[in-house]
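To keep things clear, I will list the structure first and then write my remarks on it.
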Amino acid sequence: MSIYKECDIRGVFGEQLDASEAVLIGKSIGTILGGKTVVVAGDARNSTRELKEQLISGLISCGCPVIDIGTVATPVLYFAKGFLKTAGSIMVTASHNPAQYNGFKLTLGKMPVKPEDIAMVAKLVKSQEFLNVEKQGSLAHKDIRQNYTDYLKKLVSNTKALRIVVDCCNGAASEIAPQLLKELGHEVIELFCSFDGSFPNRDPNPSTEENLGVLKAKVLAEKADLGIAFDGDGDRAVFVDNKGRFCEAEKSFVVLLNHYLKENSSTVVYDAKSSSIVKKTIEKLGSRPIMERSGHAFMKTTFLKTNSILAGEVSGHYFFRELGFDDGIYAAIKMAEIVAES
């Protein structure tokens, strides 16, 4: 099975994907971008550091100035691309896949990658017809986390403090998500909020309810107002209510719709896999639903092209107009705001 998927690059480290392939992928992306600046980050997986180093070496060999922003959640990288005004961004991650997997999420230019972009990377890896440059690129390191959290804090209202249990699955949201919620005044009970790329405490996919048993029990034991679980790279969040009940992503999206559309009519992009409740809610609130096929790149492209106020996938990706991308950490603080106001 190929590591080159429709929307990203992903495979088992050491079997389907290794350091030598990462160099070639870096050279391919550097060639496609014509040696322009790229911001790079990685999740907390054990193989991420090696893959990122080799990816960067490939980019630099094609003349790209590279900015490495360290171990961060994927939405921090999306923010950094705009903040630093780079031509591309690459996240070393396999998102919600088990620990033995890793891969790359790419942005080339202003719009999400298309299947043909991934196919072009694969073609260049095979042909090795890379950009020849007289001068190598460069590598700089920046810490963008404070800029990101400062930006998010401006987008939520001051509300009453909640008691929140946060399960980061030892993934990329581990440090930044609980800290941000604390800075917003909430009392945070942490579960699995330190980096560990082996994901020793639970599978990094939070959309499977069986993975959230500890979180649900902790919410009840702590008499918390809300439980939040992130995936491995922090671009998805799912929620547990104050009675320890799992809230499917579709139901959470309806909560967001009611909050955003009560005073604003707009277009909203929704997942073709959604039940009729999503479309009916959008219409009931006076807005126009736009159905799109599942897949991050497909949803995000339509969301951006239509300037929609929101987009939502059944997997738990929520896209926000005020950000221009999907963000599990922002979804978490926004949901906390909504719960506090209810």
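Ordering of the structure tokens sets the chain letters (A, B, ...); residue numbers start at 1 within each chain; ligands are numbered from 1 in the order shown.
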Pick out the residues sitting within 9 Å of stretch 56-64 of chain A, and hand them over as a PyMOL selection string; count only C-alpha atoms, and ignore anything fewer than 2 positions along from it in its own chain.
-> chain A and resi 22-31+33-38+40+51-54+66+68+130-139
Find the nearest atom pair between each residue of stretch 59-117 of chain A and stretch 165-179 of chain A for residues within 10 Å, count only C-alpha atoms, give distances in Å to one decimal, sort rows by chain and ascending number, and present the table as a tab-separated table.
residue	atom	partner	partner_atom	distance
A:Thr71	CA	A:Ala172	CA	6.9
A:Val72	CA	A:Ala172	CA	5.5
A:Ala73	CA	A:Ala172	CA	4.7
A:Thr74	CA	A:Ala172	CA	7.9
A:Pro75	CA	A:Ala173	CA	9.6
A:Val76	CA	A:Ala173	CA	9.7
A:Thr93	CA	A:Ala172	CA	9.4
A:Ser95	CA	A:Gly171	CA	9.2
A:His96	CA	A:Gly171	CA	9.5
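Our summary of the geometry notes that atom CA of A:Glu250 is positioned 11.7 Å from atom CA of A:Ala272.
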Give me the residues within 10 Å of A:Lys114 as a ChimeraX atom specification, counting only C-alpha atoms and dropping any in the same chain fewer than 6 places off.
-> /A:6-8,106-108,120,297-298,301
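Straight-line separation from atom CA of A:Tyr260 to atom CA of A:Ser89: 29.0 Å.
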Counting only C-alpha atoms, the option among A:Gln146, A:Gly70, A:Asp235, A:Ala336 closest to A:Asn205 = A:Asp235
Option closest in space to A:Asn97, from A:Asp231, A:Phe192, A:Gln128, A:Tyr4 [counting only C-alpha atoms] | A:Asp231
If you count only C-alpha atoms, the residue of A:Val12, A:Lys262, A:Tyr270, A:Ile32 closest to A:Lys123 turns out to be A:Ile32
Can you list every residue in stretch 45-264 of chain A that DSSP puts in strand (DSSP E or B), as a PDB file with C-alpha atoms, in the first residue's frame?
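To be explicit, this is the file written out as out.pdb:
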ATOM      1  CA  VAL A  66      13.365  26.520   6.660  1.00  0.00           C
ATOM      2  CA  ILE A  67      11.836  27.709   9.940  1.00  0.00           C
ATOM      3  CA  ASP A  68      11.531  24.924  12.522  1.00  0.00           C
ATOM      4  CA  ILE A  69       8.960  25.715  15.237  1.00  0.00           C
ATOM      5  CA  GLY A  70       9.561  22.541  17.241  1.00  0.00           C
ATOM      6  CA  THR A  71       7.137  20.075  18.805  1.00  0.00           C
ATOM      7  CA  GLY A  88       4.528  26.236   2.537  1.00  0.00           C
ATOM      8  CA  SER A  89       4.174  24.284   5.749  1.00  0.00           C
ATOM      9  CA  ILE A  90       4.936  20.682   6.657  1.00  0.00           C
ATOM     10  CA  MET A  91       3.819  18.876   9.802  1.00  0.00           C
ATOM     11  CA  VAL A  92       5.535  15.608  10.669  1.00  0.00           C
ATOM     12  CA  TYR A 101       2.901   5.307  12.069  1.00  0.00           C
ATOM     13  CA  ASN A 102       4.214   8.666  10.967  1.00  0.00           C
ATOM     14  CA  GLY A 103       3.929  10.930   7.965  1.00  0.00           C
ATOM     15  CA  PHE A 104       3.584  14.471   6.610  1.00  0.00           C
ATOM     16  CA  LYS A 105       0.733  16.973   6.342  1.00  0.00           C
ATOM     17  CA  LEU A 106       1.509  19.569   3.671  1.00  0.00           C
ATOM     18  CA  THR A 107       0.354  23.010   2.654  1.00  0.00           C
ATOM     19  CA  LEU A 108       1.786  24.248  -0.642  1.00  0.00           C
ATOM     20  CA  PRO A 112      -4.830  22.804   0.888  1.00  0.00           C
ATOM     21  CA  LEU A 139      17.585  26.712   8.983  1.00  0.00           C
ATOM     22  CA  ALA A 140      16.164  28.949  11.720  1.00  0.00           C
ATOM     23  CA  HIS A 141      14.357  28.015  14.928  1.00  0.00           C
ATOM     24  CA  ARG A 163     -13.868  22.653  36.031  1.00  0.00           C
ATOM     25  CA  ILE A 164     -12.472  20.810  33.004  1.00  0.00           C
ATOM     26  CA  VAL A 165     -10.773  17.428  32.582  1.00  0.00           C
ATOM     27  CA  VAL A 166      -8.339  17.488  29.658  1.00  0.00           C
ATOM     28  CA  ASP A 167      -7.048  14.277  28.030  1.00  0.00           C
ATOM     29  CA  GLU A 187      -9.661  24.845  36.645  1.00  0.00           C
ATOM     30  CA  VAL A 188      -7.946  22.065  34.711  1.00  0.00           C
ATOM     31  CA  ILE A 189      -7.557  18.434  35.750  1.00  0.00           C
ATOM     32  CA  GLU A 190      -4.909  16.930  33.474  1.00  0.00           C
ATOM     33  CA  LEU A 191      -4.948  13.420  32.007  1.00  0.00           C
ATOM     34  CA  LEU A 226     -16.680  19.326  30.766  1.00  0.00           C
ATOM     35  CA  GLY A 227     -14.265  16.722  29.469  1.00  0.00           C
ATOM     36  CA  ILE A 228     -12.043  17.319  26.419  1.00  0.00           C
ATOM     37  CA  ALA A 229     -10.017  14.737  24.483  1.00  0.00           C
ATOM     38  CA  PHE A 230      -7.522  15.531  21.719  1.00  0.00           C
ATOM     39  CA  ALA A 237     -11.152  17.580  19.878  1.00  0.00           C
ATOM     40  CA  VAL A 238     -14.098  15.576  21.184  1.00  0.00           C
ATOM     41  CA  PHE A 239     -16.166  16.272  24.265  1.00  0.00           C
ATOM     42  CA  VAL A 240     -17.700  14.566  27.296  1.00  0.00           C
ATOM     43  CA  PHE A 246     -19.580  10.998  25.118  1.00  0.00           C
ATOM     44  CA  CYS A 247     -20.759  13.690  22.698  1.00  0.00           C
TER      45      CYS A 247
END
Using 9 Å as the limit and counting only C-alpha atoms, can you tabulate each residue of stretch 236-300 of chain A that touches stretch 310-331 of chain A, with its shortest atom-to-atom distance in Å and the two atoms involved, as CSV?
residue,atom,partner,partner_atom,distance
A:Arg236,CA,A:Gly328,CA,4.1
A:Ala237,CA,A:Gly328,CA,4.7
A:Val238,CA,A:Gly316,CA,6.4
A:Glu248,CA,A:Val314,CA,8.1
A:Ala249,CA,A:Gly316,CA,5.0
A:Glu250,CA,A:Val314,CA,5.6
A:Ser252,CA,A:Gly316,CA,8.4
A:Phe253,CA,A:Gly312,CA,6.5
A:Leu256,CA,A:Leu310,CA,8.6
A:Leu257,CA,A:Leu310,CA,7.8
A:Tyr260,CA,A:Leu310,CA,8.2
A:Ser266,CA,A:Leu310,CA,8.6
A:Thr267,CA,A:Leu310,CA,7.7
A:Val268,CA,A:Leu310,CA,5.3
A:Val269,CA,A:Ala311,CA,4.5
A:Tyr270,CA,A:Gly312,CA,5.3
A:Asp271,CA,A:Glu313,CA,5.0
A:Ala272,CA,A:Glu313,CA,8.5
A:Lys273,CA,A:Val314,CA,6.8
A:Ser274,CA,A:Val314,CA,6.2
A:Ser294,CA,A:Glu313,CA,6.8
A:Gly295,CA,A:Glu313,CA,8.1
A:His296,CA,A:His317,CA,7.9
A:Met299,CA,A:Ala311,CA,7.2
A:Lys300,CA,A:Phe325,CA,7.1
